[in-house]
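Data first, discussion second: the structure below is written as structure tokens.
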Amino acid sequence: MKFGVLVFPGTWSHQDFAHVFQDVLKVDWDYVWHKDRSVAGYDCLILPGGFAHGDYLRCGAIARFSPVMDAVIQFAREGGPVMGSCNGFQILCEAGLLPGALLRNDSLQYRCRWVHIRTENTETPFTRGVRKGQVLKLPISHGEGRYHADPETIARLRANDQVIFRYSTPDGTITDEANPNGALESIAGICNEGRNVLGLMPHPERASEALLGSEDGRLLFESVLSTALRR
Amino acid sequence: MLEAQIHVTLKKSVLDPQGDTVKSALATLGFPAVQDCRVGKFLVLRLSERDHAKATSQVDEMCRRLLANPVIEDYVFQIREVPE
């Protein structure tokens with residue numbers, strides 16, 4: 001099992017993922033530069049947070065056309081597990097691998113703090129080790145995390161159980177106060193119809209050690225590792 | 001030479017907190033007549049293409065594929081002749 005951590009110019013969370021894979025989970029991994037045209041040899045792809053290509057025009061809009069993205073899209077279509085966190089989520093939406101878009105926070109302010117997210121559905125490679133309804137404590141760090149999609153798309157996400165995480169209180173109640181960016185239906189993370197592509201605004205890689213205040217993020221990586229072992 | 005002037009704005013159905021904030025700032029300044037404010041982007045492209053119809057179809061494709069995100073944004077553009 002080898003993780004590929006994508007790096008675009010302006011990506012900033014790739015070293016945090018690398019640290020978790022190298023020092024915490026002790027698994028095989030490597031960086032994938034955005035100009036690479038192949039992702040052969042990787043079993044799981046990670047699109048980290050940051051400001052790929054400066055987030056010029058729109059978050060993720062330019063990154064979506066980086067040379068590596070054709071291979072990422074092919075990998076995803078073949079069922080390979082792909083996770084995008086924060087800017088990675090925005091890129092996956094721009095690339096059409098996930099529906100909807102992420103807009104400026106309703107507060108107009110950058111939000112950098114701990115949030116709680118409730119696990120709405122566990123049927124993805126990244127959440128099989130999480131209990132349905134389990135509340136995870138993870139940090140967010142974004143200015144543009146307000147999930148938006150048209151009503152038909154939202155209805156389809158609901159019908160297919162594609163909403164994976166919602167912002168909640170620590171005890172798992174969905175409230176407006178617990179929603180840090182005004183996301184529609186408190187959506188913090190969704191998956192595609194094939195359930196192998198997950199996007200979420202919080203940073204699991206920054207909450208994978210007790211020293212950092214939470215180990216909940218590690219559950220997502222352990223899930224994908226145990227899914228791979230079962231294959 | 002042709003120049004394209006492109007306006008990209010959030011769809012009416014999409015909340016624009018930036019526009020709302022500008023609107024309330026204008027009200028504070030003494031302009032209560034402002035009923036609505038939407039903040040968008042303005043792009044100016046200079047094109048080597050000389051054929052108006054071809055330029056129009058190219059700019060439309062640019063808007064659809066990159067300059068606007070159809071999930072959240074609308075676009076309009078004008079193409080005009082400008083000096084070399």
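Here, A, B, ... name the chains of the structure tokens in the order displayed, residue numbers run from 1 inside each chain, and ligands are numbered from 1 in the same displayed order.
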
Using only C-alpha atoms, determine which residues of chain A fall within 8 Å of chain B; present them as a list in words.
Leu57, Ala61, Ile62, Glu94, Gly100, Ala101, Arg104, Asp106, Ser107, Leu108, His148, Ala149 and Asp150 of chain A

Could you write those residues out with N, CA and C atoms, as a PDB file, in the first residue's frame?
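Saved result, out-v2.pdb, follows:
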ATOM      1  N   LEU A  57      -8.058  33.043  -9.949  1.00  0.00           N
ATOM      2  CA  LEU A  57      -9.337  32.879 -10.650  1.00  0.00           C
ATOM      3  C   LEU A  57     -10.382  32.298  -9.697  1.00  0.00           C
ATOM      4  N   ALA A  61      -9.210  26.156  -9.636  1.00  0.00           N
ATOM      5  CA  ALA A  61      -9.568  26.270 -11.061  1.00  0.00           C
ATOM      6  C   ALA A  61      -8.374  26.023 -11.973  1.00  0.00           C
ATOM      7  N   ILE A  62      -7.194  26.496 -11.574  1.00  0.00           N
ATOM      8  CA  ILE A  62      -6.010  26.319 -12.418  1.00  0.00           C
ATOM      9  C   ILE A  62      -5.402  24.928 -12.170  1.00  0.00           C
ATOM     10  N   GLU A  94     -13.633  21.292  -8.762  1.00  0.00           N
ATOM     11  CA  GLU A  94     -13.356  21.961 -10.044  1.00  0.00           C
ATOM     12  C   GLU A  94     -13.100  20.929 -11.148  1.00  0.00           C
ATOM     13  N   GLY A 100     -20.678  20.076  -7.029  1.00  0.00           N
ATOM     14  CA  GLY A 100     -20.773  21.282  -6.211  1.00  0.00           C
ATOM     15  C   GLY A 100     -19.525  22.129  -6.276  1.00  0.00           C
ATOM     16  N   ALA A 101     -19.455  23.116  -5.369  1.00  0.00           N
ATOM     17  CA  ALA A 101     -18.332  24.055  -5.337  1.00  0.00           C
ATOM     18  C   ALA A 101     -18.191  24.595  -3.923  1.00  0.00           C
ATOM     19  N   ARG A 104     -16.683  31.450  -0.722  1.00  0.00           N
ATOM     20  CA  ARG A 104     -16.224  32.271   0.388  1.00  0.00           C
ATOM     21  C   ARG A 104     -17.069  32.010   1.650  1.00  0.00           C
ATOM     22  N   ASP A 106     -19.296  32.416   4.838  1.00  0.00           N
ATOM     23  CA  ASP A 106     -20.334  33.439   4.993  1.00  0.00           C
ATOM     24  C   ASP A 106     -19.879  34.570   5.918  1.00  0.00           C
ATOM     25  N   SER A 107     -18.917  34.292   6.794  1.00  0.00           N
ATOM     26  CA  SER A 107     -18.383  35.330   7.694  1.00  0.00           C
ATOM     27  C   SER A 107     -17.433  36.274   6.968  1.00  0.00           C
ATOM     28  N   LEU A 108     -17.026  35.885   5.756  1.00  0.00           N
ATOM     29  CA  LEU A 108     -15.982  36.575   4.982  1.00  0.00           C
ATOM     30  C   LEU A 108     -14.625  36.500   5.659  1.00  0.00           C
ATOM     31  N   HIS A 148     -21.516  24.499  -1.661  1.00  0.00           N
ATOM     32  CA  HIS A 148     -22.711  24.911  -2.384  1.00  0.00           C
ATOM     33  C   HIS A 148     -22.965  23.954  -3.547  1.00  0.00           C
ATOM     34  N   ALA A 149     -24.227  23.637  -3.740  1.00  0.00           N
ATOM     35  CA  ALA A 149     -24.640  22.905  -4.944  1.00  0.00           C
ATOM     36  C   ALA A 149     -26.105  23.253  -5.180  1.00  0.00           C
ATOM     37  N   ASP A 150     -26.582  23.046  -6.413  1.00  0.00           N
ATOM     38  CA  ASP A 150     -27.985  23.388  -6.674  1.00  0.00           C
ATOM     39  C   ASP A 150     -28.895  22.363  -5.985  1.00  0.00           C
TER      40      ASP A 150
END

Applying 6 Å and only C-alpha atoms, which residues near stretch 19-29 of chain A remain after dropping the ones on its own chain fewer than 6 positions away? List them as number ranges by chain.
A: 2-4

Restricting the output to C-alpha atoms, write the selected residues as a short mmCIF file (atom, residue, chain, number, x, y, z; two decimals), in the first residue's frame.
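Just written: part-v9.cif:
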data_model
loop_
_atom_site.label_atom_id
_atom_site.label_comp_id
_atom_site.auth_asym_id
_atom_site.auth_seq_id
_atom_site.Cartn_x
_atom_site.Cartn_y
_atom_site.Cartn_z
CA LYS A 2 1.60 3.24 -1.18
CA PHE A 3 0.17 6.73 -0.77
CA GLY A 4 0.80 9.39 -3.40
#

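Proximity ranking of A:Asp43, A:Glu152, A:Glu222, A:Glu209 relative to A:Ala76 places A:Asp43 first, based on only C-alpha atoms.
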
Exercise: B:Leu45 partners within 8 Å, only C-alpha atoms, chain neighbours under 6 positions left out, as a VMD selection string:
chain B and resid 3 to 5

Same residues, N, CA and C atoms, output as a PDB file, in the first residue's frame:
ATOM      1  N   GLU B   3     -10.787  42.805 -28.630  1.00  0.00           N
ATOM      2  CA  GLU B   3     -10.673  42.731 -27.164  1.00  0.00           C
ATOM      3  C   GLU B   3     -11.982  42.186 -26.615  1.00  0.00           C
ATOM      4  N   ALA B   4     -11.867  41.229 -25.692  1.00  0.00           N
ATOM      5  CA  ALA B   4     -13.057  40.681 -25.024  1.00  0.00           C
ATOM      6  C   ALA B   4     -13.108  41.218 -23.604  1.00  0.00           C
ATOM      7  N   GLN B   5     -14.251  41.729 -23.231  1.00  0.00           N
ATOM      8  CA  GLN B   5     -14.470  42.173 -21.850  1.00  0.00           C
ATOM      9  C   GLN B   5     -15.497  41.230 -21.234  1.00  0.00           C
TER      10      GLN B   5
END

Just how far from atom CA of A:Ser186 is atom CA of A:Glu120, in Å to one decimal?
11.4 Å

What's around B:Val22 at 12 Å? Count only C-alpha atoms, leave out sequence neighbours fewer than 6 positions away in its own chain, and write the answer as a list in words.
Leu108 of chain A; Asp16, Thr28, Leu29, Phe31, Pro32, Val34, Gln35, Asp36, Cys37, Arg38 and Val39 of chain B

Atom pair atom CA of A:Ile164 / atom CA of A:Gly189: separation (Å)
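Between atom CA of A:Ile164 and atom CA of A:Gly189 the gap is 5.4 Å.
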
May I have the residues within 9 Å of B:Val59 as a PyMOL selection string, using only C-alpha atoms and disregarding those fewer than 5 positions away in the same chain?
chain B and resi 4+6+45+54+64+77+79

Using DSSP secondary structure from the backbone, list all strand (DSSP E or B) positions within stretch 9-77 of chain A, as number ranges by chain.
A: 11, 28-33, 44-47, 50

Give me the residues within 12 Å of A:Ser38 as a list in words, counting only C-alpha atoms and dropping any in the same chain fewer than 4 places off.
Gly4, Leu6, Val32, Trp33, His34, Tyr42, Leu45, Pro67, Val68, Met69, Asp70, Ala71, Val72, Ile73, Gln74 and Phe75 of chain A

Same residues, C-alpha atoms, output as a PDB file, in the first residue's frame:
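selection35.pdb, written as the output of this step:
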ATOM      1  CA  GLY A   4       0.805   9.391  -3.403  1.00  0.00           C
ATOM      2  CA  LEU A   6       0.119  15.448  -4.800  1.00  0.00           C
ATOM      3  CA  VAL A  32       3.644  13.336  -6.900  1.00  0.00           C
ATOM      4  CA  TRP A  33       4.589  16.602  -8.617  1.00  0.00           C
ATOM      5  CA  HIS A  34       1.784  18.320 -10.507  1.00  0.00           C
ATOM      6  CA  TYR A  42       0.206   4.310  -6.036  1.00  0.00           C
ATOM      7  CA  LEU A  45      -3.945   9.512  -3.883  1.00  0.00           C
ATOM      8  CA  PRO A  67      -0.761  17.807 -16.214  1.00  0.00           C
ATOM      9  CA  VAL A  68      -1.151  15.234 -13.399  1.00  0.00           C
ATOM     10  CA  MET A  69      -4.918  15.687 -13.194  1.00  0.00           C
ATOM     11  CA  ASP A  70      -5.681  13.523 -16.254  1.00  0.00           C
ATOM     12  CA  ALA A  71      -3.983  10.617 -14.475  1.00  0.00           C
ATOM     13  CA  VAL A  72      -5.807  11.430 -11.212  1.00  0.00           C
ATOM     14  CA  ILE A  73      -9.164  11.448 -13.013  1.00  0.00           C
ATOM     15  CA  GLN A  74      -8.342   8.131 -14.707  1.00  0.00           C
ATOM     16  CA  PHE A  75      -7.237   6.624 -11.355  1.00  0.00           C
TER      17      PHE A  75
END

Can you list, as an MDAnalysis selection string, every protein, DNA or RNA residue that comes within 6 Å of stretch 11-14 of chain A when you count only C-alpha atoms, leaving out same-chain residues fewer than 6 positions away?
chainID A and resid 48:52

To test your reading of the structure, identify every residue in chain B that backbone DSSP assigns to helix (DSSP H, G or I), and report it as a list in words.
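After running DSSP on the backbone, chain B has helix (DSSP H, G or I) at Pro17, Gln18, Gly19, Asp20, Thr21, Val22, Lys23, Ser24, Ala25, Leu26, Ala27, Thr28, His52, Ala53, Lys54, Ala55, Thr56, Ser57, Gln58, Val59, Asp60, Glu61, Met62, Cys63, Arg64, Arg65, Leu66 and Leu67 of chain B.
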
Can you measure atom CA of A:Ile190 to atom CA of A:Lys137 for me? One decimal in Å is fine.
17.1 Å
